[in-house]
$ cat target.txt   # compact mmCIF, C-alpha atoms and all ligand atoms
# COMPACT_ATOMS: atom_id res chain seq x y z
CA MET J 715 0.00 0.00 0.00
CA THR J 716 1.39 3.41 -0.98
CA LEU J 717 1.55 6.28 1.49
CA ALA J 718 -1.29 8.04 -0.34
CA GLN J 719 -3.45 4.88 -0.17
CA LEU J 720 -2.64 4.51 3.56
CA ALA J 721 -3.55 8.17 4.18
CA ASN J 722 -6.81 7.77 2.25
CA SER J 723 -7.76 4.64 4.15
CA ILE J 724 -7.06 6.37 7.50
CA ILE J 725 -9.06 9.45 6.43
CA GLY J 726 -11.85 7.18 5.21
CA ARG J 727 -11.96 5.31 8.51
CA MET J 728 -11.91 8.55 10.51
CA SER J 729 -14.77 10.09 8.51
CA ARG J 730 -16.79 6.88 8.96
CA GLU J 731 -16.15 7.12 12.72
CA VAL J 732 -17.24 10.78 12.80
CA GLY J 733 -20.31 9.86 10.74
CA SER J 734 -21.32 7.17 13.18
CA GLN J 735 -20.68 9.52 16.13
CA ILE J 736 -22.97 12.14 14.51
CA ALA J 737 -25.65 9.49 13.95
CA GLN J 738 -25.35 8.30 17.55
CA ALA J 739 -25.49 11.85 18.90
CA ARG J 740 -28.56 12.59 16.76
CA ALA J 741 -30.29 9.45 18.07
CA TRP J 742 -29.51 10.26 21.72
CA LEU J 743 -30.90 13.81 21.35
CA ALA J 744 -34.00 12.62 19.42
CA ALA J 745 -34.86 10.03 22.08
CA ALA J 746 -34.28 12.30 25.13
CA ARG J 747 -37.28 13.96 26.83
CA ARG J 748 -35.16 15.97 29.29
CA ILE J 749 -32.16 17.85 27.84
CA ALA J 750 -29.79 20.34 29.45
CA VAL J 751 -27.23 22.37 27.51
CA LEU J 752 -24.22 24.32 28.82
CA THR J 753 -22.57 26.78 26.46
CA GLY J 754 -19.38 28.81 26.62
CA ALA J 755 -17.62 31.41 24.53
CA GLY J 756 -16.91 28.90 21.74
CA ILE J 757 -20.51 28.90 20.54
CA SER J 758 -20.27 32.64 19.84
CA ALA J 759 -16.83 32.41 18.15
CA GLU J 760 -18.37 31.90 14.66
CA SER J 761 -20.42 35.04 15.26
CA GLY J 762 -17.16 36.98 15.56
CA LEU J 763 -16.91 37.23 19.36
CA PRO J 764 -13.47 36.53 20.89
CA THR J 765 -13.24 33.60 23.30
CA PHE J 766 -11.31 33.86 26.57
CA ARG J 767 -8.56 31.25 26.31
CA GLY J 768 -8.26 30.58 22.58
CA THR J 769 -5.40 31.82 20.40
CA ASN J 770 -6.87 35.36 20.02
CA GLY J 771 -8.75 35.02 23.30
CA LEU J 772 -9.46 37.88 25.67
CA TRP J 773 -7.29 36.37 28.40
CA ARG J 774 -4.38 36.15 25.93
CA GLN J 775 -4.23 39.96 25.84
CA TYR J 776 -5.31 40.73 29.39
CA ARG J 777 -5.07 38.99 32.78
CA PRO J 778 -8.57 38.17 34.08
CA GLU J 779 -7.49 39.26 37.57
CA ASP J 780 -6.69 42.71 36.13
CA LEU J 781 -10.13 43.18 34.60
CA ALA J 782 -12.82 40.73 35.77
CA THR J 783 -12.67 41.21 39.57
CA GLN J 784 -14.16 43.58 42.14
CA GLN J 785 -10.65 44.68 43.12
CA ALA J 786 -9.84 45.70 39.54
CA PHE J 787 -13.08 47.69 39.34
CA ALA J 788 -12.44 49.41 42.68
CA ARG J 789 -8.91 50.33 41.54
CA ASN J 790 -9.96 51.87 38.24
CA PRO J 791 -13.69 51.79 37.36
CA LYS J 792 -13.20 53.88 34.21
CA LEU J 793 -10.60 51.45 32.76
CA ILE J 794 -12.80 48.45 33.51
CA TRP J 795 -15.79 50.19 31.96
CA GLU J 796 -13.74 51.04 28.84
CA TRP J 797 -12.94 47.32 28.45
CA TYR J 798 -16.54 46.22 28.95
CA ASP J 799 -17.89 48.97 26.70
CA TRP J 800 -15.44 47.89 23.98
CA ARG J 801 -16.82 44.33 24.35
CA ARG J 802 -20.41 45.70 24.18
CA SER J 803 -19.54 47.53 20.93
CA VAL J 804 -18.12 44.28 19.46
CA HIS J 805 -21.18 42.30 20.64
CA ALA J 806 -23.58 44.88 19.16
CA GLN J 807 -22.22 44.11 15.65
CA CYS J 808 -22.56 40.31 16.00
CA ALA J 809 -25.45 38.08 15.00
CA PRO J 810 -26.33 34.56 16.13
CA ASN J 811 -24.88 31.68 14.07
CA ASP J 812 -26.20 28.25 13.04
CA GLY J 813 -25.10 26.83 16.39
CA HIS J 814 -27.32 29.24 18.34
CA ARG J 815 -30.19 28.58 15.93
CA ALA J 816 -29.85 24.79 16.24
CA LEU J 817 -30.14 25.02 20.05
CA ALA J 818 -33.26 27.19 19.72
CA ALA J 819 -34.75 24.51 17.41
CA LEU J 820 -33.86 21.77 19.94
CA GLU J 821 -35.66 23.73 22.68
CA ALA J 822 -38.77 24.03 20.50
CA ARG J 823 -39.12 20.26 20.09
CA CYS J 824 -37.91 19.05 23.49
CA GLU J 825 -40.33 18.27 26.32
CA GLN J 826 -38.10 19.50 29.16
CA PHE J 827 -35.22 21.76 28.05
CA THR J 828 -32.81 24.10 29.84
CA LEU J 829 -30.07 26.14 28.18
CA MET J 830 -27.53 27.43 30.71
CA THR J 831 -24.88 29.77 29.35
CA GLN J 832 -21.66 31.15 30.77
CA ASN J 833 -21.73 33.78 28.03
CA VAL J 834 -22.61 37.36 28.76
CA ASP J 835 -23.73 38.07 25.19
CA ASN J 836 -27.39 37.90 24.11
CA LEU J 837 -26.92 35.80 20.97
CA HIS J 838 -28.94 32.83 22.29
CA GLU J 839 -31.93 35.11 22.89
CA SER J 840 -31.50 36.71 19.44
CA ALA J 841 -31.61 33.18 17.94
CA GLY J 842 -34.93 32.47 19.71
CA SER J 843 -33.85 30.60 22.87
CA LYS J 844 -36.25 31.24 25.74
CA LYS J 845 -35.67 28.61 28.45
CA MET J 846 -32.36 30.18 29.43
CA ILE J 847 -30.16 30.66 32.46
CA HIS J 848 -27.35 33.25 32.42
CA LEU J 849 -24.87 31.85 34.95
CA HIS J 850 -22.40 34.74 34.63
CA GLY J 851 -24.81 37.63 34.04
CA SER J 852 -25.05 39.82 30.95
CA LEU J 853 -23.07 42.60 29.34
CA TRP J 854 -26.37 44.35 28.65
CA SER J 855 -27.26 44.75 32.30
CA VAL J 856 -25.76 47.22 34.79
CA ARG J 857 -26.06 47.23 38.60
CA CYS J 858 -25.72 50.15 41.01
CA THR J 859 -22.93 49.60 43.55
CA ARG J 860 -24.80 51.82 46.04
CA CYS J 861 -28.52 50.90 45.89
CA GLY J 862 -28.18 47.60 43.98
CA ARG J 863 -30.68 48.66 41.28
CA GLU J 864 -30.38 46.46 38.16
CA GLN J 865 -31.04 48.02 34.76
CA VAL J 866 -30.86 46.79 31.16
CA ASN J 867 -28.87 49.33 29.18
CA MET J 868 -28.52 48.65 25.48
CA GLN J 869 -26.91 52.03 24.73
CA VAL J 870 -23.60 51.65 22.82
CA PRO J 871 -21.30 53.39 23.54
CA LEU J 872 -22.20 54.09 27.17
CA GLU J 873 -21.71 57.77 27.98
CA PRO J 874 -20.38 59.03 30.27
CA LEU J 875 -18.10 56.28 31.60
CA PRO J 876 -18.36 55.11 34.31
CA PRO J 877 -22.20 55.36 34.28
CA LEU J 878 -24.02 56.61 37.37
CA CYS J 879 -27.31 55.46 38.85
CA GLU J 880 -30.14 57.93 39.53
CA CYS J 881 -29.14 57.68 43.19
CA GLY J 882 -25.69 58.94 42.23
CA GLY J 883 -24.05 55.57 42.87
CA LEU J 884 -21.49 54.08 40.48
CA GLN J 885 -22.98 51.45 38.14
CA ARG J 886 -20.97 48.24 37.41
CA PRO J 887 -21.37 45.69 34.59
CA GLY J 888 -24.09 43.15 35.46
CA VAL J 889 -21.67 40.22 35.12
CA VAL J 890 -20.21 37.75 37.66
CA TRP J 891 -16.53 38.44 38.31
CA PHE J 892 -13.92 36.00 39.60
CA GLY J 893 -14.33 35.48 43.32
CA GLU J 894 -18.01 36.47 43.17
CA ALA J 895 -20.83 34.03 43.81
CA LEU J 896 -23.05 33.10 40.89
CA PRO J 897 -26.66 34.34 41.17
CA GLU J 898 -28.32 31.92 43.60
CA ARG J 899 -31.65 31.41 41.77
CA GLU J 900 -29.90 30.76 38.44
CA LEU J 901 -27.34 28.37 39.96
CA ARG J 902 -30.06 26.45 41.79
CA ALA J 903 -32.09 26.09 38.55
CA ALA J 904 -28.99 24.97 36.65
CA VAL J 905 -28.15 22.30 39.24
CA ALA J 906 -31.74 21.00 39.14
CA ALA J 907 -31.68 20.82 35.31
CA ALA J 908 -28.30 19.05 35.35
CA ARG J 909 -29.53 16.46 37.86
CA GLU J 910 -32.72 15.72 35.89
CA ALA J 911 -31.23 15.66 32.39
CA GLU J 912 -31.20 12.46 30.32
CA VAL J 913 -28.76 14.13 27.93
CA PHE J 914 -26.38 16.96 28.87
CA LEU J 915 -24.86 18.73 25.84
CA VAL J 916 -21.75 20.86 26.49
CA VAL J 917 -20.84 23.28 23.70
CA GLY J 918 -17.84 25.59 23.25
CA THR J 919 -16.42 25.72 26.75
CA SER J 920 -12.97 24.87 28.06
CA SER J 921 -14.73 23.52 31.19
CA LEU J 922 -12.20 25.32 33.41
CA VAL J 923 -14.37 27.82 35.30
CA TYR J 924 -16.27 26.66 38.37
CA PRO J 925 -18.95 26.15 39.53
CA ALA J 926 -20.33 26.08 35.92
CA ALA J 927 -17.80 23.39 34.95
CA ALA J 928 -19.14 21.15 37.73
CA LEU J 929 -22.62 20.95 36.14
CA PRO J 930 -21.86 18.33 33.44
CA ARG J 931 -20.11 16.19 36.06
CA MET J 932 -23.19 16.41 38.29
CA ALA J 933 -25.32 15.27 35.35
CA LEU J 934 -22.94 12.37 34.73
CA GLU J 935 -23.21 11.25 38.37
CA CYS J 936 -27.01 11.33 38.06
CA GLY J 937 -26.94 9.04 35.02
CA ALA J 938 -27.12 11.51 32.13
CA ARG J 939 -25.38 10.94 28.81
CA VAL J 940 -22.83 13.77 28.49
CA MET J 941 -21.90 14.90 24.98
CA GLU J 942 -19.36 17.58 24.19
CA VAL J 943 -18.97 19.74 21.06
CA ASN J 944 -15.65 21.58 20.92
CA LEU J 945 -12.82 22.36 18.52
CA ASP J 946 -10.40 20.62 20.90
CA ALA J 947 -10.26 18.17 23.78
CA THR J 948 -11.01 19.76 27.15
CA GLU J 949 -10.97 18.94 30.88
CA LEU J 950 -14.35 17.27 30.37
CA SER J 951 -13.43 15.07 27.39
CA ALA J 952 -11.99 12.25 29.50
CA VAL J 953 -15.31 11.67 31.30
CA ALA J 954 -17.83 12.63 28.58
CA HIS J 955 -19.63 9.78 26.77
CA MET J 956 -18.89 11.51 23.47
CA SER J 957 -16.68 14.37 22.26
CA LEU J 958 -17.49 15.72 18.79
CA HIS J 959 -14.58 17.80 17.54
CA GLY J 960 -15.38 20.64 15.21
CA LYS J 961 -17.17 23.97 14.97
CA ALA J 962 -20.42 24.29 16.89
CA GLY J 963 -22.06 26.05 13.93
CA GLU J 964 -21.33 23.01 11.73
CA ILE J 965 -21.86 20.11 14.16
CA LEU J 966 -25.01 21.23 16.02
CA PRO J 967 -27.20 21.48 12.87
CA GLN J 968 -26.09 17.90 11.99
CA ILE J 969 -27.04 16.40 15.36
CA ILE J 970 -30.19 18.48 15.87
CA CYS J 971 -32.58 17.97 12.98
C1 LIG Z 1001 -16.74 31.64 42.58
C2 LIG Z 1001 -17.76 36.94 33.37
C3 LIG Z 1001 -16.89 31.60 44.94
C4 LIG Z 1001 -17.27 38.29 33.25
C5 LIG Z 1001 -16.26 35.13 34.02
C6 LIG Z 1001 -9.71 31.91 43.75
C7 LIG Z 1001 -10.57 32.83 44.32
C8 LIG Z 1001 -11.94 32.81 44.08
C9 LIG Z 1001 -12.46 31.86 43.21
C10 LIG Z 1001 -11.58 30.97 42.63
C11 LIG Z 1001 -10.22 30.96 42.91
N1 LIG Z 1001 -9.65 29.95 42.19
C12 LIG Z 1001 -10.60 29.32 41.48
C13 LIG Z 1001 -11.76 29.93 41.73
C14 LIG Z 1001 -13.02 29.64 41.18
C15 LIG Z 1001 -13.16 30.50 39.92
C16 LIG Z 1001 -12.62 29.65 38.79
O1 LIG Z 1001 -13.26 28.71 38.42
N2 LIG Z 1001 -11.43 30.02 38.29
C17 LIG Z 1001 -10.84 29.21 37.23
C18 LIG Z 1001 -10.18 30.10 36.19
C19 LIG Z 1001 -9.85 28.24 37.87
N3 LIG Z 1001 -14.56 30.77 39.78
C20 LIG Z 1001 -15.07 31.91 40.26
O2 LIG Z 1001 -14.41 32.81 40.73
C21 LIG Z 1001 -16.57 31.98 40.21
N4 LIG Z 1001 -17.06 32.35 41.50
O3 LIG Z 1001 -16.13 30.61 42.59
O4 LIG Z 1001 -17.18 32.25 43.71
C22 LIG Z 1001 -17.78 32.23 45.93
C23 LIG Z 1001 -18.82 31.48 46.46
C24 LIG Z 1001 -19.64 32.07 47.42
C25 LIG Z 1001 -19.43 33.40 47.78
C26 LIG Z 1001 -18.40 34.14 47.22
C27 LIG Z 1001 -17.57 33.57 46.28
C28 LIG Z 1001 -17.00 33.03 39.18
C29 LIG Z 1001 -16.68 32.53 37.80
C30 LIG Z 1001 -17.22 33.50 36.75
C31 LIG Z 1001 -16.14 34.44 36.35
N5 LIG Z 1001 -16.62 35.27 35.26
N6 LIG Z 1001 -16.65 36.01 33.10
C32 LIG Z 1001 -16.79 38.55 31.85
O5 LIG Z 1001 -17.20 37.86 30.90
O6 LIG Z 1001 -15.99 39.49 31.74
S1 LIG Z 1001 -15.32 33.81 33.57
C33 LIG Z 1001 -15.18 33.60 31.90
O7 LIG Z 1001 -14.81 32.22 31.73
C34 LIG Z 1001 -16.44 33.76 31.08
O8 LIG Z 1001 -17.60 33.97 31.85
C35 LIG Z 1001 -16.59 32.44 30.39
O9 LIG Z 1001 -17.88 32.14 30.20
C36 LIG Z 1001 -15.95 31.53 31.37
C37 LIG Z 1001 -15.60 30.18 30.82
O10 LIG Z 1001 -14.84 30.36 29.65
P1 LIG Z 1001 -15.36 29.62 28.32
O11 LIG Z 1001 -16.71 30.12 28.02
O12 LIG Z 1001 -15.17 28.17 28.48
O13 LIG Z 1001 -14.38 30.23 27.25
P2 LIG Z 1001 -12.91 29.71 26.89
O14 LIG Z 1001 -12.29 30.75 26.01
O15 LIG Z 1001 -12.20 29.29 28.14
O16 LIG Z 1001 -13.14 28.39 26.05
C38 LIG Z 1001 -13.77 28.47 24.77
C39 LIG Z 1001 -13.87 27.04 24.27
O17 LIG Z 1001 -14.56 27.04 23.03
C40 LIG Z 1001 -12.53 26.40 24.01
O18 LIG Z 1001 -12.52 25.08 24.56
C41 LIG Z 1001 -12.42 26.33 22.47
O19 LIG Z 1001 -11.73 25.17 22.04
C42 LIG Z 1001 -13.87 26.25 22.08
N7 LIG Z 1001 -14.20 26.80 20.76
C43 LIG Z 1001 -13.68 27.90 20.16
N8 LIG Z 1001 -14.32 28.10 18.97
C44 LIG Z 1001 -15.25 27.12 18.86
C45 LIG Z 1001 -15.19 26.28 19.99
N9 LIG Z 1001 -15.99 25.22 20.16
C46 LIG Z 1001 -16.89 24.96 19.18
N10 LIG Z 1001 -17.01 25.70 18.07
C47 LIG Z 1001 -16.22 26.78 17.87
N11 LIG Z 1001 -16.36 27.50 16.73
ZN ZN Z 1002 -28.38 53.43 42.76
$ encode --input "target.txt" --output "structure tokens" --more "lines below"
Ligand code: BV8
Ligand code: ZN
Amino acid sequence: MTLAQLANSIIGRMSREVGSQIAQARAWLAAARRIAVLTGAGISAESGLPTFRGTNGLWRQYRPEDLATQQAFARNPKLIWEWYDWRRSVHAQCAPNDGHRALAALEARCEQFTLMTQNVDNLHESAGSKKMIHLHGSLWSVRCTRCGREQVNMQVPLEPLPPLCECGGLQRPGVVWFGEALPERELRAAVAAAREAEVFLVVGTSSLVYPAAALPRMALECGARVMEVNLDATELSAVAHMSLHGKAGEILPQIIC
């Protein structure tokens, strides 16, 4: 057998394996009455949003401790707001992709469905997802550091920076920073959905940030089938029942139809 023939036979075998994985994933999702989904920055990458830890990721240029913590905000609220307002301006130009749309279609046909996202963008909602939990808050909400008042503020760019509440207090981005607890109601709902799921689909997350990264493992312990869609192997791959490697916008429409 020549080298070219050997390469072709290996490629042929690999594509047959991927094909059977896609068919198996499609069958598991079609048969499941209770589905939970956890998404991360990777599902918004094909919409043009930077991830955190990828090659051009946000944390490649900045240290999270310097920007996504209460201490960083207290040190220099204007700098932190400039970073978040830059991200809001990038988000405002992005549209949902086929991955977001496939998850909205899965929700529409599934009896009991929960989409929990670590993302602070609103691309899932723009794609039609409704049964959603934002574990890390949203870039489009602001919270007063004095009276606690939450507001949705879609203005881009925000002026002046940093924004002030009507009470005169400083407003902060409505996101969860490192070292901050996740919103209790959302975390409780996410844990319940993970425990009840028959299938837990994990899309576009490095599975490094806790407690969100613990949710698929909880589902596994409660007997769920855990499937992962990611460009690369992650911390979860070793324990997932299936890891489909590729772009979310290409794989999800193949396994959800
Ligand atoms: C908490 C929001 C406790 C803001 C974010 C020391 C002190 C305190 C806490 C800790 C500590 N050490 C560890 C912790 C816990 C910490 C943690 O987990 N740290 C990690 C880094 C070790 N967690 C916390 O601090 C959490 N809070 O523990 O509080 C507590 C309890 C009670 C009372 C008080 C306190 C808070 C965590 C939330 C932090 N906020 N961001 C903002 O966005 O600015 S984290 C940030 O990471 C984002 O939210 C993001 O969602 C999250 C996870 O990242 P991913 O989404 O996975 O993105 P990433 O780039 O990593 O990966 C992308 C993946 O997609 C890759 O795998 C890539 O291959 C793939 N991909 C790329 N393109 C595609 C693709 N896949 C498919 N298709 C594609 N096209
Ligand atoms: Zn206020």
$ closest_atom_pairs --input "target.txt" --of "chain J" --to "ligand LIG 1001 (chain Z)" --cutoff "8 Å" --atoms "all atoms listed in the file" --output "CSV"
residue,atom,partner,partner_atom,distance
J:Thr753,CA,Z:LIG1001,O11,6.9
J:Gly754,CA,Z:LIG1001,O11,3.3
J:Ala755,CA,Z:LIG1001,O11,3.8
J:Gly756,CA,Z:LIG1001,O17,3.3
J:Ile757,CA,Z:LIG1001,N10,5.3
J:Ser758,CA,Z:LIG1001,N11,7.2
J:Ala759,CA,Z:LIG1001,N8,5.1
J:Glu760,CA,Z:LIG1001,N11,5.3
J:Pro764,CA,Z:LIG1001,O14,7.8
J:Thr765,CA,Z:LIG1001,O14,4.0
J:Phe766,CA,Z:LIG1001,O14,3.3
J:Arg767,CA,Z:LIG1001,O14,3.8
J:Gly768,CA,Z:LIG1001,O14,5.3
J:Gly771,CA,Z:LIG1001,O14,6.2
J:Leu772,CA,Z:LIG1001,O14,7.7
J:Trp773,CA,Z:LIG1001,O14,7.9
J:Pro778,CA,Z:LIG1001,O6,7.9
J:Leu781,CA,Z:LIG1001,O6,7.5
J:Ala782,CA,Z:LIG1001,O6,5.3
J:Tyr798,CA,Z:LIG1001,O6,7.3
J:Thr831,CA,Z:LIG1001,O9,7.4
J:Gln832,CA,Z:LIG1001,O9,3.9
J:Asn833,CA,Z:LIG1001,O9,4.7
J:Val834,CA,Z:LIG1001,O5,5.8
J:His850,CA,Z:LIG1001,C2,5.3
J:Gly851,CA,Z:LIG1001,C2,7.1
J:Leu853,CA,Z:LIG1001,O5,7.7
J:Val889,CA,Z:LIG1001,C4,5.2
J:Val890,CA,Z:LIG1001,N5,5.0
J:Trp891,CA,Z:LIG1001,N5,4.4
J:Phe892,CA,Z:LIG1001,O2,3.4
J:Gly893,CA,Z:LIG1001,C8,3.7
J:Glu894,CA,Z:LIG1001,C27,4.3
J:Ala895,CA,Z:LIG1001,O4,4.1
J:Leu896,CA,Z:LIG1001,N4,6.1
J:Val917,CA,Z:LIG1001,C46,6.2
J:Gly918,CA,Z:LIG1001,O17,3.6
J:Thr919,CA,Z:LIG1001,O12,3.2
J:Ser920,CA,Z:LIG1001,O18,3.5
J:Ser921,CA,Z:LIG1001,O12,5.4
J:Leu922,CA,Z:LIG1001,C17,5.6
J:Val923,CA,Z:LIG1001,O1,3.4
J:Tyr924,CA,Z:LIG1001,O1,3.6
J:Pro925,CA,Z:LIG1001,O3,6.1
J:Ala926,CA,Z:LIG1001,C29,7.6
J:Ala927,CA,Z:LIG1001,O1,7.8
J:Val943,CA,Z:LIG1001,C46,5.9
J:Asn944,CA,Z:LIG1001,N9,3.7
J:Leu945,CA,Z:LIG1001,N9,4.6
J:Asp946,CA,Z:LIG1001,O19,4.9
J:Ala947,CA,Z:LIG1001,O18,7.3
J:Thr948,CA,Z:LIG1001,O18,6.1
J:His959,CA,Z:LIG1001,C46,7.7
J:Gly960,CA,Z:LIG1001,N10,6.0
J:Lys961,CA,Z:LIG1001,N10,3.6
J:Ala962,CA,Z:LIG1001,N10,3.9
J:Gly963,CA,Z:LIG1001,N11,6.5
$ atom_distance --input "target.txt" --atom1 "CA of Ser729 in chain J" --atom2 "CA of Gln968 in chain J"
14.2 Å
$ residues_near_ligand --input "target.txt" --ligand "ligand ZN 1002 (chain Z)" --cutoff "12 Å" --atoms "only C-alpha atoms and all ligand atoms" --output "list in words"
Val856, Arg857, Cys858, Thr859, Arg860, Cys861, Gly862, Arg863, Glu864, Gln865, Pro877, Leu878, Cys879, Glu880, Cys881, Gly882, Gly883, Leu884, Gln885 and Arg886 of chain J
$ atom_distance --input "target.txt" --atom1 "CA of Leu872 in chain J" --atom2 "CA of Arg789 in chain J"
19.9 Å
$ atom_distance --input "target.txt" --atom1 "CA of Gly813 in chain J" --atom2 "CA of Pro871 in chain J"
27.8 Å
$ closest_residue --input "target.txt" --among "J:Leu720, J:Leu763, J:Leu817, J:Val751" --to "Pro967 in chain J" --atoms "all atoms listed in the file"
J:Leu817
$ closest_residue --input "target.txt" --among "J:Pro791, J:Pro874, J:Gly726, J:Gly762" --to "Cys808 in chain J" --atoms "all atoms listed in the file"
J:Gly762
$ axis_aligned_box --input "target.txt" --around "range 786-793 of chain J" --padding-each-side "8 Å" --output "lines of an AutoDock Vina configuration file"
center_x = -11.3
center_y = 49.8
center_z = 37.7
size_x = 20.8
size_y = 24.2
size_z = 25.9
$ closest_residue --input "target.txt" --among "J:Ala741, J:Leu820, J:Asp799, J:Ser761" --to "Leu837 in chain J" --atoms "only C-alpha atoms"
J:Ser761
$ closest_residue --input "target.txt" --among "J:Ala952, J:Pro887, J:Glu731, J:Ile965" --to "Gln784 in chain J" --atoms "all atoms listed in the file"
J:Pro887
$ closest_residue --input "target.txt" --among "J:Arg748, J:Val953, J:Trp795, J:Leu849" --to "Arg902 in chain J" --atoms "only C-alpha atoms"
J:Leu849
$ closest_residue --input "target.txt" --among "J:Asn836, J:Thr783, J:Thr828, J:Asn722" --to "Pro810 in chain J" --atoms "only C-alpha atoms"
J:Asn836
$ residues_around --input "target.txt" --residues "Ile969 in chain J" --least-positions-apart "3" --cutoff "10 Å" --atoms "all atoms listed in the file" --output "ChimeraX atom specification"
/J:735-744,816,820,964-966
$ residues_around --input "target.txt" --residues "Cys936 in chain J" --least-positions-apart "2" --cutoff "9 Å" --atoms "all atoms listed in the file" --output "PyMOL selection string"
chain J and resi 908-912+931-934+938
